[in-house]
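Visitor: Pasting work_20.pdb here (PDB, C-alpha atoms):
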ATOM      1  CA  MET A   1     250.079  -0.696  25.518
ATOM      2  CA  ALA A   2     247.392  -2.149  27.788
ATOM      3  CA  LYS A   3     248.070  -5.561  29.270
ATOM      4  CA  SER A   4     245.737  -8.485  28.680
ATOM      5  CA  PRO A   5     243.399  -9.462  31.560
ATOM      6  CA  GLU A   6     245.600 -12.506  32.185
ATOM      7  CA  LEU A   7     248.715 -10.369  32.747
ATOM      8  CA  GLU A   8     247.308  -7.322  34.577
ATOM      9  CA  HIS A   9     247.887  -8.722  38.065
ATOM     10  CA  PRO A  10     250.107 -11.370  39.710
ATOM     11  CA  THR A  11     247.350 -13.728  40.923
ATOM     12  CA  LYS A  12     246.122 -16.108  38.237
ATOM     13  CA  ALA A  13     242.355 -16.558  38.055
ATOM     14  CA  PHE A  14     239.903 -18.542  35.973
ATOM     15  CA  GLY A  15     236.201 -18.099  35.388
ATOM     16  CA  TRP A  16     233.507 -17.727  32.762
ATOM     17  CA  ALA A  17     232.972 -14.458  30.897
ATOM     18  CA  ALA A  18     230.710 -12.917  28.284
ATOM     19  CA  ARG A  19     232.643 -11.529  25.333
ATOM     20  CA  ASP A  20     229.875  -9.480  23.720
ATOM     21  CA  PRO A  21     226.139  -8.615  24.034
ATOM     22  CA  SER A  22     225.133 -12.085  22.841
ATOM     23  CA  GLY A  23     225.513 -12.966  26.517
ATOM     24  CA  VAL A  24     227.082 -16.351  25.812
ATOM     25  CA  LEU A  25     229.600 -17.204  28.542
ATOM     26  CA  TYR A  26     232.926 -18.893  27.843
ATOM     27  CA  PRO A  27     235.894 -20.119  29.922
ATOM     28  CA  PHE A  28     238.155 -17.144  30.606
ATOM     29  CA  LYS A  29     241.650 -16.766  32.043
ATOM     30  CA  PHE A  30     242.405 -13.493  33.826
ATOM     31  CA  SER A  31     244.184 -12.265  36.961
ATOM     32  CA  ARG A  32     243.531 -10.728  40.377
ATOM     33  CA  ARG A  33     245.663  -8.208  42.257
ATOM     34  CA  ALA A  34     248.077  -9.234  44.997
ATOM     35  CA  THR A  35     246.702  -9.354  48.547
ATOM     36  CA  VAL A  36     247.709  -6.188  50.418
ATOM     37  CA  GLU A  37     247.475  -5.312  54.108
ATOM     38  CA  LYS A  38     243.702  -4.812  54.314
ATOM     39  CA  ASP A  39     242.660  -7.439  51.742
ATOM     40  CA  VAL A  40     241.043 -10.839  52.079
ATOM     41  CA  ARG A  41     241.628 -13.542  49.485
ATOM     42  CA  PHE A  42     239.185 -16.433  49.281
ATOM     43  CA  GLU A  43     238.403 -19.473  47.197
ATOM     44  CA  VAL A  44     234.960 -19.108  45.634
ATOM     45  CA  LEU A  45     232.699 -22.051  46.448
ATOM     46  CA  HIS A  46     229.290 -20.879  45.220
ATOM     47  CA  CYS A  47     227.809 -17.927  43.366
ATOM     48  CA  GLY A  48     224.135 -17.153  42.846
ATOM     49  CA  ILE A  49     222.771 -16.106  39.456
ATOM     50  CA  CYS A  50     220.862 -12.819  39.651
ATOM     51  CA  HIS A  51     218.665 -11.437  36.873
ATOM     52  CA  SER A  52     220.979  -8.412  36.901
ATOM     53  CA  ASP A  53     223.738 -10.750  35.653
ATOM     54  CA  LEU A  54     221.579 -11.536  32.623
ATOM     55  CA  HIS A  55     220.865  -7.841  32.007
ATOM     56  CA  SER A  56     224.585  -7.102  32.275
ATOM     57  CA  ILE A  57     226.029  -9.785  30.003
ATOM     58  CA  LYS A  58     223.533  -8.771  27.302
ATOM     59  CA  ASN A  59     224.190  -5.030  27.835
ATOM     60  CA  GLU A  60     220.472  -4.421  28.344
ATOM     61  CA  TRP A  61     221.221  -1.451  30.608
ATOM     62  CA  GLY A  62     223.621   0.053  28.086
ATOM     63  CA  PHE A  63     226.844   0.337  30.106
ATOM     64  CA  SER A  64     228.394  -3.158  30.089
ATOM     65  CA  THR A  65     232.085  -3.747  29.421
ATOM     66  CA  TYR A  66     233.647  -6.852  27.904
ATOM     67  CA  PRO A  67     234.996  -9.324  28.649
ATOM     68  CA  GLN A  68     232.646  -9.507  31.635
ATOM     69  CA  VAL A  69     232.787 -12.026  34.482
ATOM     70  CA  PRO A  70     229.423 -11.656  36.277
ATOM     71  CA  GLY A  71     228.409 -12.704  39.778
ATOM     72  CA  HIS A  72     227.676 -10.689  42.931
ATOM     73  CA  GLU A  73     226.170 -13.326  45.262
ATOM     74  CA  ILE A  74     229.473 -14.894  46.210
ATOM     75  CA  VAL A  75     230.515 -17.149  49.090
ATOM     76  CA  GLY A  76     233.781 -18.902  49.773
ATOM     77  CA  ILE A  77     236.573 -19.858  52.170
ATOM     78  CA  VAL A  78     239.342 -17.460  53.213
ATOM     79  CA  THR A  79     242.791 -18.586  52.017
ATOM     80  CA  GLU A  80     244.872 -15.489  52.795
ATOM     81  CA  VAL A  81     244.511 -12.263  54.777
ATOM     82  CA  GLY A  82     246.497  -9.037  54.783
ATOM     83  CA  SER A  83     248.687  -8.004  57.697
ATOM     84  CA  LYS A  84     246.106  -5.562  59.091
ATOM     85  CA  VAL A  85     243.047  -7.832  58.806
ATOM     86  CA  GLU A  86     241.740  -8.944  62.210
ATOM     87  CA  LYS A  87     238.074  -9.530  61.427
ATOM     88  CA  PHE A  88     238.702 -12.645  59.287
ATOM     89  CA  LYS A  89     241.128 -15.557  59.419
ATOM     90  CA  ILE A  90     242.098 -18.383  57.081
ATOM     91  CA  GLY A  91     239.310 -20.959  56.909
ATOM     92  CA  ASP A  92     236.459 -18.516  57.608
ATOM     93  CA  LYS A  93     233.397 -18.545  55.391
ATOM     94  CA  VAL A  94     232.883 -15.122  53.795
ATOM     95  CA  GLY A  95     230.738 -13.492  51.142
ATOM     96  CA  VAL A  96     230.749 -10.571  48.717
ATOM     97  CA  GLY A  97     227.746  -8.765  47.328
ATOM     98  CA  CYS A  98     227.266  -6.025  44.733
ATOM     99  CA  MET A  99     230.138  -3.707  45.626
ATOM    100  CA  VAL A 100     233.856  -4.024  46.280
ATOM    101  CA  GLY A 101     234.831  -0.446  47.006
ATOM    102  CA  ALA A 102     233.799   3.048  48.154
ATOM    103  CA  CYS A 103     235.536   6.290  49.129
ATOM    104  CA  HIS A 104     235.043   5.777  52.921
ATOM    105  CA  SER A 105     235.134   9.550  53.444
ATOM    106  CA  CYS A 106     231.802  10.982  52.245
ATOM    107  CA  ASP A 107     228.677  11.495  54.381
ATOM    108  CA  ASN A 108     227.096   8.289  53.075
ATOM    109  CA  CYS A 109     230.132   6.191  53.978
ATOM    110  CA  ALA A 110     230.319   7.849  57.399
ATOM    111  CA  ASN A 111     226.734   6.720  58.014
ATOM    112  CA  ASP A 112     227.346   3.099  56.925
ATOM    113  CA  LEU A 113     225.626   3.700  53.577
ATOM    114  CA  GLU A 114     228.510   2.887  51.276
ATOM    115  CA  ASN A 115     225.982   1.682  48.722
ATOM    116  CA  TYR A 116     225.073   5.349  48.110
ATOM    117  CA  CYS A 117     228.680   6.538  47.868
ATOM    118  CA  PRO A 118     229.262   8.546  44.656
ATOM    119  CA  LYS A 119     232.478   6.545  44.172
ATOM    120  CA  MET A 120     231.021   3.115  44.951
ATOM    121  CA  ILE A 121     232.688   0.372  42.879
ATOM    122  CA  LEU A 122     230.574  -2.513  41.580
ATOM    123  CA  THR A 123     231.779  -6.090  41.941
ATOM    124  CA  TYR A 124     232.051  -6.542  38.191
ATOM    125  CA  GLY A 125     232.179  -4.365  35.105
ATOM    126  CA  ALA A 126     233.465  -1.291  36.970
ATOM    127  CA  THR A 127     236.787   0.517  37.156
ATOM    128  CA  TYR A 128     238.794  -0.252  40.303
ATOM    129  CA  TYR A 129     241.159   2.148  42.110
ATOM    130  CA  ASP A 130     244.102   0.970  39.990
ATOM    131  CA  GLY A 131     242.265   1.599  36.712
ATOM    132  CA  THR A 132     241.591  -2.063  35.887
ATOM    133  CA  ILE A 133     238.143  -3.602  35.390
ATOM    134  CA  THR A 134     236.511  -5.563  38.206
ATOM    135  CA  TYR A 135     235.520  -9.201  37.644
ATOM    136  CA  GLY A 136     232.783 -11.020  39.581
ATOM    137  CA  GLY A 137     232.138 -14.339  41.232
ATOM    138  CA  TYR A 138     231.760 -16.699  38.285
ATOM    139  CA  SER A 139     235.401 -17.458  39.017
ATOM    140  CA  ASP A 140     237.701 -19.469  41.248
ATOM    141  CA  VAL A 141     239.204 -16.749  43.455
ATOM    142  CA  MET A 142     238.329 -13.280  44.803
ATOM    143  CA  ILE A 143     240.481 -10.669  46.516
ATOM    144  CA  CYS A 144     238.564  -7.927  48.306
ATOM    145  CA  PHE A 145     238.862  -5.190  50.899
ATOM    146  CA  LEU A 146     238.299  -6.534  54.420
ATOM    147  CA  ASP A 147     234.706  -5.248  54.734
ATOM    148  CA  ILE A 148     233.180  -8.103  52.724
ATOM    149  CA  LEU A 149     229.489  -8.213  51.870
ATOM    150  CA  VAL A 150     226.870 -10.963  51.818
ATOM    151  CA  TYR A 151     223.165 -10.582  50.959
ATOM    152  CA  VAL A 152     220.322 -12.528  52.585
ATOM    153  CA  TYR A 153     216.608 -11.768  52.797
ATOM    154  CA  SER A 154     215.243 -11.088  56.282
ATOM    155  CA  ILE A 155     212.070 -12.217  58.113
ATOM    156  CA  ARG A 156     208.512 -10.837  58.221
ATOM    157  CA  THR A 157     205.467 -10.746  60.483
ATOM    158  CA  SER A 158     202.759 -11.589  57.964
ATOM    159  CA  LEU A 159     203.513 -12.349  54.338
ATOM    160  CA  THR A 160     201.290 -12.417  51.256
ATOM    161  CA  THR A 161     202.766 -13.754  48.033
ATOM    162  CA  ILE A 162     201.557 -11.885  44.940
ATOM    163  CA  SER A 163     201.864 -13.746  41.641
ATOM    164  CA  THR A 164     200.347 -13.851  38.172
ATOM    165  CA  SER A 165     200.172 -17.649  38.359
ATOM    166  CA  PRO A 166     197.639 -19.459  40.589
ATOM    167  CA  ASN A 167     199.722 -22.621  40.139
ATOM    168  CA  LYS A 168     202.253 -21.290  42.661
ATOM    169  CA  LYS A 169     199.768 -21.016  45.527
ATOM    170  CA  GLU A 170     200.274 -24.432  47.129
ATOM    171  CA  GLU A 171     204.050 -24.157  47.036
ATOM    172  CA  ALA A 172     204.029 -20.585  48.381
ATOM    173  CA  ILE A 173     201.870 -21.457  51.377
ATOM    174  CA  GLU A 174     202.729 -25.083  52.144
ATOM    175  CA  HIS A 175     206.438 -25.036  51.354
ATOM    176  CA  LEU A 176     207.675 -21.437  51.527
ATOM    177  CA  GLY A 177     205.580 -20.338  54.494
ATOM    178  CA  ALA A 178     203.459 -17.542  53.043
ATOM    179  CA  ASP A 179     200.370 -16.679  55.083
ATOM    180  CA  SER A 180     198.215 -15.959  52.039
ATOM    181  CA  PHE A 181     198.366 -15.896  48.245
ATOM    182  CA  LEU A 182     197.059 -13.287  45.839
ATOM    183  CA  VAL A 183     196.667 -13.703  42.072
ATOM    184  CA  SER A 184     197.386 -10.273  40.623
ATOM    185  CA  CYS A 185     195.431 -10.885  37.410
ATOM    186  CA  ASP A 186     192.264 -11.870  39.303
ATOM    187  CA  PRO A 187     190.168  -8.674  39.688
ATOM    188  CA  ASP A 188     187.977 -10.142  42.433
ATOM    189  CA  GLN A 189     190.923 -11.185  44.601
ATOM    190  CA  MET A 190     192.654  -7.847  44.069
ATOM    191  CA  GLN A 191     189.521  -5.905  45.005
ATOM    192  CA  VAL A 192     189.189  -7.770  48.302
ATOM    193  CA  ALA A 193     192.846  -7.051  49.124
ATOM    194  CA  MET A 194     192.730  -3.311  48.397
ATOM    195  CA  GLY A 195     194.084  -1.178  51.246
ATOM    196  CA  THR A 196     195.222  -4.138  53.378
ATOM    197  CA  MET A 197     199.045  -4.123  53.091
ATOM    198  CA  ASP A 198     201.660  -2.117  54.974
ATOM    199  CA  GLY A 199     204.307  -2.675  52.334
ATOM    200  CA  ILE A 200     205.049  -4.503  49.096
ATOM    201  CA  ILE A 201     208.484  -5.625  47.891
ATOM    202  CA  ASP A 202     208.445  -5.922  44.095
ATOM    203  CA  THR A 203     211.253  -8.303  43.069
ATOM    204  CA  VAL A 204     210.420  -8.570  39.351
ATOM    205  CA  SER A 205     213.356  -7.691  37.072
ATOM    206  CA  ALA A 206     211.328  -7.729  33.850
ATOM    207  CA  VAL A 207     208.996  -5.064  32.506
ATOM    208  CA  HIS A 208     205.609  -5.392  34.218
ATOM    209  CA  PRO A 209     202.656  -3.185  35.155
ATOM    210  CA  LEU A 210     202.798  -1.529  38.567
ATOM    211  CA  LEU A 211     199.050  -1.098  38.691
ATOM    212  CA  PRO A 212     197.064  -1.963  40.675
ATOM    213  CA  LEU A 213     199.765  -2.673  43.317
ATOM    214  CA  PRO A 214     199.671   0.811  44.938
ATOM    215  CA  GLY A 215     195.963   0.298  45.608
ATOM    216  CA  LEU A 216     196.777  -2.702  47.812
ATOM    217  CA  LEU A 217     198.644  -0.460  50.264
ATOM    218  CA  LYS A 218     197.229   1.037  53.412
ATOM    219  CA  SER A 219     197.641   4.749  54.011
ATOM    220  CA  GLN A 220     201.370   5.556  54.380
ATOM    221  CA  GLY A 221     202.244   2.197  52.806
ATOM    222  CA  LYS A 222     205.334   1.649  50.668
ATOM    223  CA  LEU A 223     205.834  -0.148  47.358
ATOM    224  CA  VAL A 224     209.576  -0.832  47.086
ATOM    225  CA  MET A 225     211.087  -1.856  43.751
ATOM    226  CA  VAL A 226     214.153  -4.084  44.149
ATOM    227  CA  GLY A 227     214.220  -5.489  40.603
ATOM    228  CA  ALA A 228     215.601  -3.467  37.679
ATOM    229  CA  PRO A 229     213.932  -4.052  34.276
ATOM    230  CA  ASP A 230     215.759  -3.362  31.026
ATOM    231  CA  ARG A 231     213.137  -0.834  29.848
ATOM    232  CA  PRO A 232     211.087   1.913  31.539
ATOM    233  CA  LEU A 233     207.941   0.910  33.413
ATOM    234  CA  GLU A 234     204.569   2.373  32.545
ATOM    235  CA  GLN A 235     203.780   5.814  33.896
ATOM    236  CA  LEU A 236     201.206   6.158  36.647
ATOM    237  CA  SER A 237     197.840   7.545  35.619
ATOM    238  CA  TYR A 238     196.557  10.723  37.224
ATOM    239  CA  GLN A 239     194.077   8.641  39.237
ATOM    240  CA  SER A 240     196.926   6.473  40.553
ATOM    241  CA  PHE A 241     198.935   9.569  41.442
ATOM    242  CA  LEU A 242     195.989  10.878  43.460
ATOM    243  CA  CYS A 243     195.850   7.530  45.281
ATOM    244  CA  LEU A 244     199.486   8.020  46.328
ATOM    245  CA  TRP A 245     199.121  11.715  47.101
ATOM    246  CA  VAL A 246     195.946  11.586  49.171
ATOM    247  CA  ARG A 247     196.933   8.493  51.177
ATOM    248  CA  ARG A 248     200.633   9.389  51.596
ATOM    249  CA  LYS A 249     201.752   6.248  49.829
ATOM    250  CA  ILE A 250     205.279   5.854  48.518
ATOM    251  CA  VAL A 251     206.739   4.113  45.465
ATOM    252  CA  ALA A 252     210.468   3.732  46.101
ATOM    253  CA  GLY A 253     213.512   1.877  44.834
ATOM    254  CA  SER A 254     216.212  -0.050  46.687
ATOM    255  CA  CYS A 255     219.251  -1.698  45.129
ATOM    256  CA  ILE A 256     221.639  -2.930  47.842
ATOM    257  CA  GLY A 257     222.476  -2.214  51.473
ATOM    258  CA  GLY A 258     225.516  -0.841  53.234
ATOM    259  CA  MET A 259     228.092  -2.977  55.030
ATOM    260  CA  LYS A 260     226.688  -2.526  58.542
ATOM    261  CA  GLU A 261     223.053  -3.350  57.747
ATOM    262  CA  THR A 262     224.114  -6.231  55.498
ATOM    263  CA  GLN A 263     226.101  -7.835  58.320
ATOM    264  CA  GLU A 264     223.162  -7.310  60.694
ATOM    265  CA  MET A 265     220.902  -9.095  58.226
ATOM    266  CA  ILE A 266     223.323 -12.012  57.912
ATOM    267  CA  ASP A 267     223.596 -12.280  61.705
ATOM    268  CA  PHE A 268     219.801 -12.230  62.026
ATOM    269  CA  ALA A 269     219.422 -14.946  59.406
ATOM    270  CA  GLY A 270     221.995 -17.127  61.148
ATOM    271  CA  LYS A 271     220.383 -16.651  64.554
ATOM    272  CA  HIS A 272     216.917 -17.580  63.301
ATOM    273  CA  ASN A 273     217.994 -20.275  60.818
ATOM    274  CA  ILE A 274     216.624 -18.382  57.805
ATOM    275  CA  THR A 275     217.800 -20.099  54.643
ATOM    276  CA  ALA A 276     217.029 -19.897  50.932
ATOM    277  CA  GLU A 277     215.598 -22.397  48.483
ATOM    278  CA  VAL A 278     218.106 -22.803  45.654
ATOM    279  CA  VAL A 279     218.854 -24.985  42.646
ATOM    280  CA  VAL A 280     222.562 -25.874  42.562
ATOM    281  CA  ILE A 281     224.006 -26.191  39.061
ATOM    282  CA  SER A 282     227.378 -27.070  37.561
ATOM    283  CA  MET A 283     229.467 -24.562  35.641
ATOM    284  CA  ASP A 284     228.845 -26.245  32.297
ATOM    285  CA  TYR A 285     225.096 -25.688  32.788
ATOM    286  CA  LEU A 286     225.598 -21.915  33.072
ATOM    287  CA  ASN A 287     224.471 -20.833  29.598
ATOM    288  CA  THR A 288     221.416 -23.099  29.792
ATOM    289  CA  ALA A 289     220.536 -21.548  33.151
ATOM    290  CA  MET A 290     220.778 -18.078  31.622
ATOM    291  CA  GLU A 291     218.409 -19.121  28.828
ATOM    292  CA  GLN A 292     215.928 -20.436  31.403
ATOM    293  CA  LEU A 293     216.213 -17.218  33.399
ATOM    294  CA  GLU A 294     215.465 -15.170  30.295
ATOM    295  CA  LYS A 295     212.349 -17.275  29.665
ATOM    296  CA  ASN A 296     211.272 -17.068  33.327
ATOM    297  CA  ASP A 297     211.639 -20.850  33.503
ATOM    298  CA  VAL A 298     213.141 -20.829  37.000
ATOM    299  CA  ARG A 299     211.713 -22.354  40.156
ATOM    300  CA  TYR A 300     214.295 -21.157  42.681
ATOM    301  CA  LEU A 301     217.515 -19.160  42.604
ATOM    302  CA  PHE A 302     220.246 -20.809  40.524
ATOM    303  CA  VAL A 303     223.511 -21.171  42.454
ATOM    304  CA  ILE A 304     226.689 -22.251  40.676
ATOM    305  CA  ASP A 305     228.803 -24.891  42.419
ATOM    306  CA  ILE A 306     232.070 -23.121  41.650
ATOM    307  CA  GLY A 307     234.207 -25.113  44.061
ATOM    308  CA  ASN A 308     233.437 -28.526  42.581
ATOM    309  CA  THR A 309     232.663 -27.852  38.921
ATOM    310  CA  LEU A 310     234.805 -24.931  37.686
ATOM    311  CA  LYS A 311     237.721 -26.517  35.869
ATOM    312  CA  ALA A 312     240.472 -24.605  34.079
ATOM    313  CA  ALA A 313     241.100 -25.552  30.473
TER     314      ALA A 313
END
What is this file in structure tokens?
Guide:
Amino acid sequence: MAKSPELEHPTKAFGWAARDPSGVLYPFKFSRRATVEKDVRFEVLHCGICHSDLHSIKNEWGFSTYPQVPGHEIVGIVTEVGSKVEKFKIGDKVGVGCMVGACHSCDNCANDLENYCPKMILTYGATYYDGTITYGGYSDVMICFLDILVYVYSIRTSLTTISTSPNKKEEAIEHLGADSFLVSCDPDQMQVAMGTMDGIIDTVSAVHPLLPLPGLLKSQGKLVMVGAPDRPLEQLSYQSFLCLWVRRKIVAGSCIGGMKETQEMIDFAGKHNITAEVVVISMDYLNTAMEQLEKNDVRYLFVIDIGNTLKAA
């Protein structure tokens, strides 16, 4: 007979979990494995809310498991390390991203691309090596393999913010440092910008039209999709395909990075003081935040103050 989540492992844990596709999150007692020789245990202090968390708790991608403790933008303080861990010590600040395991023997892993490993294990809602389900960062404690991940956006040379709302222009330029602002639903502005961009990073996680974004690219430009909608995007017209084909333009996807490039990005951000604008919320605001996210009523990334507001029942 299968053990309950609270009795599977020796380390008691507490967080918030979705029980079904309604996506409503509730207090949840479960357990984490014991810390072994190459593990790092840390107290979770903060966890960002990603749109993928919303997709997952509502099973909008069709493969969610329940109960589900979301969260893959996790930071905290090390409280215990295994006997063979030298990279981290108690008191260090660490982070975990979208994955907590890989085979470490395939070609992708050998080239520091664990994120493409066929046996990559997601931070939550996946099956771990021992057969139990992984739980994410909406919780008080994490225990992970020593190669811990953190995700931070890097820097740019010249940045144009593309938005459907002209109301965001002042904030994008004056506060966030964009060099220019482009309203995607303004045909005149879009026409002027055609063929001027080396690359576009599309961060939208909801269904939206790709056109006319490829037309904004220079020859050999790249449109990279980093958001994952819950339904298929529109197909490109034949005319749009010709635009890509003739000008050697690329529409690509990118989910997460490997351990090496992730650490390089974190180091770069620290060196150049690159930080993020966030809205810190308490744990009891979590379901309200999810409702706002679903309605696109979000100014900046929601980050849960786990360390100060997660309280066990």
Visitor: Point out the residue among A:Leu223, A:Ile256, A:Ala276, A:Met120 with the least atom-to-atom distance to Gly177 of chain A, counting only C-alpha atoms.
Guide: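 Going through A:Leu223, A:Ile256, A:Ala276, A:Met120 one by one, the smallest distance to Gly177 of chain A is for A:Ala276.
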Visitor: Determine, counting all atoms listed in the file, which protein, DNA and RNA residues have an atom within 10 Å of an atom of Thr35 of chain A; residues of the same chain fewer than 3 positions away are not included. Present the result as a list in words.
Guide: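 Selected residues are Pro10, Thr11, Arg32, Lys38, Asp39, Val40, Arg41, Glu80, Val81, Gly82, Ser83, Met142, Ile143, Cys144 and Phe145 of chain A.
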Visitor: A:Met283, A:Ala2, A:Val36, A:Met225: which is nearest Val303 of chain A, counting all atoms listed in the file?
Guide: A:Met283
Visitor: Between atom CA of Gln189 of chain A and atom CA of Asn167 of chain A, measure the distance and give it in Å to one decimal.
Guide: 15.1 Å
Visitor: Report as a PyMOL selection string the full result of the PyMOL selection byres ((chain A and resi 217) around 10) when it is applied to this structure.
Guide: chain A and resi 193-200+212-216+218-223+243-244+247+249-250
Visitor: Point out the residue among A:Asp92, A:Glu8, A:Glu60, A:Glu277 with the least atom-to-atom distance to Pro232 of chain A, counting only C-alpha atoms.
Guide: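 Looking at the shortest contact to Pro232 of chain A, the residue is A:Glu60.
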Visitor: Between A:Ser139, A:Ser56, A:Ser105, A:Asn296, which one has atoms that come closest to Val75 of chain A, using only C-alpha atoms?
Guide: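 Comparing A:Ser139, A:Ser56, A:Ser105, A:Asn296 against Val75 of chain A, the winner is A:Ser139.
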Visitor: Going by the chain IDs and residue numbers used in this file, which residues fall under the PyMOL selection byres ((chain A and resi 51) around 9)? Write them as a list in words.
Guide: Ile49, Cys50, Ser52, Asp53, Leu54, His55, Ser56, Ser205, Ala206, Gly227, Ala228, Met290, Leu293 and Glu294 of chain A
Visitor: Counting all atoms listed in the file, which residues sit no farther than 12 Å from the position (196.0, -16.8, 51.6) in the file's frame? I'd like them as an MDAnalysis selection string.
Guide: chainID A and resid 158:163 166 168:174 177:183 189 192:193
Visitor: Need the shell around segment 128-137 of chain A: protein/DNA/RNA residues with any atom at most 10 Å away, counting all atoms listed in the file. Skip same-chain ones fewer than 6 positions apart. Format as a PDB file with C-alpha atoms, keeping the file's coordinate frame?
Guide:
ATOM      1  CA  ALA A   2     247.392  -2.149  27.788  1.00  0.00           C
ATOM      2  CA  LYS A   3     248.070  -5.561  29.270  1.00  0.00           C
ATOM      3  CA  PRO A   5     243.399  -9.462  31.560  1.00  0.00           C
ATOM      4  CA  GLU A   8     247.308  -7.322  34.577  1.00  0.00           C
ATOM      5  CA  HIS A   9     247.887  -8.722  38.065  1.00  0.00           C
ATOM      6  CA  GLY A  15     236.201 -18.099  35.388  1.00  0.00           C
ATOM      7  CA  TRP A  16     233.507 -17.727  32.762  1.00  0.00           C
ATOM      8  CA  ALA A  17     232.972 -14.458  30.897  1.00  0.00           C
ATOM      9  CA  PHE A  30     242.405 -13.493  33.826  1.00  0.00           C
ATOM     10  CA  SER A  31     244.184 -12.265  36.961  1.00  0.00           C
ATOM     11  CA  ARG A  32     243.531 -10.728  40.377  1.00  0.00           C
ATOM     12  CA  ARG A  33     245.663  -8.208  42.257  1.00  0.00           C
ATOM     13  CA  VAL A  44     234.960 -19.108  45.634  1.00  0.00           C
ATOM     14  CA  LEU A  45     232.699 -22.051  46.448  1.00  0.00           C
ATOM     15  CA  HIS A  46     229.290 -20.879  45.220  1.00  0.00           C
ATOM     16  CA  CYS A  47     227.809 -17.927  43.366  1.00  0.00           C
ATOM     17  CA  GLY A  48     224.135 -17.153  42.846  1.00  0.00           C
ATOM     18  CA  ILE A  49     222.771 -16.106  39.456  1.00  0.00           C
ATOM     19  CA  ASP A  53     223.738 -10.750  35.653  1.00  0.00           C
ATOM     20  CA  THR A  65     232.085  -3.747  29.421  1.00  0.00           C
ATOM     21  CA  TYR A  66     233.647  -6.852  27.904  1.00  0.00           C
ATOM     22  CA  PRO A  67     234.996  -9.324  28.649  1.00  0.00           C
ATOM     23  CA  GLN A  68     232.646  -9.507  31.635  1.00  0.00           C
ATOM     24  CA  VAL A  69     232.787 -12.026  34.482  1.00  0.00           C
ATOM     25  CA  PRO A  70     229.423 -11.656  36.277  1.00  0.00           C
ATOM     26  CA  GLY A  71     228.409 -12.704  39.778  1.00  0.00           C
ATOM     27  CA  HIS A  72     227.676 -10.689  42.931  1.00  0.00           C
ATOM     28  CA  GLU A  73     226.170 -13.326  45.262  1.00  0.00           C
ATOM     29  CA  ILE A  74     229.473 -14.894  46.210  1.00  0.00           C
ATOM     30  CA  VAL A  75     230.515 -17.149  49.090  1.00  0.00           C
ATOM     31  CA  GLY A  76     233.781 -18.902  49.773  1.00  0.00           C
ATOM     32  CA  VAL A  96     230.749 -10.571  48.717  1.00  0.00           C
ATOM     33  CA  GLY A  97     227.746  -8.765  47.328  1.00  0.00           C
ATOM     34  CA  CYS A  98     227.266  -6.025  44.733  1.00  0.00           C
ATOM     35  CA  MET A  99     230.138  -3.707  45.626  1.00  0.00           C
ATOM     36  CA  VAL A 100     233.856  -4.024  46.280  1.00  0.00           C
ATOM     37  CA  GLY A 101     234.831  -0.446  47.006  1.00  0.00           C
ATOM     38  CA  ALA A 102     233.799   3.048  48.154  1.00  0.00           C
ATOM     39  CA  CYS A 103     235.536   6.290  49.129  1.00  0.00           C
ATOM     40  CA  LYS A 119     232.478   6.545  44.172  1.00  0.00           C
ATOM     41  CA  MET A 120     231.021   3.115  44.951  1.00  0.00           C
ATOM     42  CA  ILE A 121     232.688   0.372  42.879  1.00  0.00           C
ATOM     43  CA  LEU A 122     230.574  -2.513  41.580  1.00  0.00           C
ATOM     44  CA  ILE A 304     226.689 -22.251  40.676  1.00  0.00           C
ATOM     45  CA  ILE A 306     232.070 -23.121  41.650  1.00  0.00           C
TER      46      ILE A 306
END
Visitor: Do you know which residues are at most 12 Å from Gln235 of chain A counting all atoms listed in the file, after dropping those on the same chain fewer than 6 positions away, and could you put them as a ChimeraX atom specification?
Guide: /A:208-211,241
Visitor: Which residue is closest to Ile77 of chain A? Choose from A:Val207, A:Leu301, A:Val224, A:Val141 and count all atoms listed in the file.
Guide: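 Residue with the minimum atom-to-atom distance to Ile77 of chain A: A:Val141.
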Visitor: Centre and edge lengths of an axis-aligned box around all listed atoms of segment 69-88 of chain A, with 6 Å added on each side, are to be given in Å to one decimal, as JSON.
Guide:
{"center_x": 237.4, "center_y": -12.7, "center_z": 48.3, "size_x": 34.5, "size_y": 26.3, "size_z": 39.7}
Visitor: With distances taken over only C-alpha atoms, which residue among A:Asp202, A:Asp140, A:Asp305, A:Glu114 lies nearest Met259 of chain A?
Guide: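 Using only C-alpha atoms, the shortest distance to Met259 of chain A belongs to A:Glu114.
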Visitor: Could you please fill out segment 89-94 of chain A with N, CA and C atoms and send it back as a CSV table (one decimal), in the coordinates of the input?
Guide:
chain,number,residue,atom,x,y,z
A,89,LYS,N,239.9,-14.7,59.4
A,89,LYS,CA,241.1,-15.6,59.4
A,89,LYS,C,241.0,-16.7,58.4
A,90,ILE,N,242.1,-17.3,58.1
A,90,ILE,CA,242.1,-18.4,57.1
A,90,ILE,C,241.1,-19.5,57.5
A,91,GLY,N,240.3,-19.9,56.6
A,91,GLY,CA,239.3,-21.0,56.9
A,91,GLY,C,237.9,-20.4,57.2
A,92,ASP,N,237.8,-19.1,57.4
A,92,ASP,CA,236.5,-18.5,57.6
A,92,ASP,C,235.6,-18.6,56.3
A,93,LYS,N,234.3,-18.7,56.5
A,93,LYS,CA,233.4,-18.5,55.4
A,93,LYS,C,233.0,-17.1,55.2
A,94,VAL,N,233.2,-16.5,54.0
A,94,VAL,CA,232.9,-15.1,53.8
A,94,VAL,C,232.0,-15.0,52.5
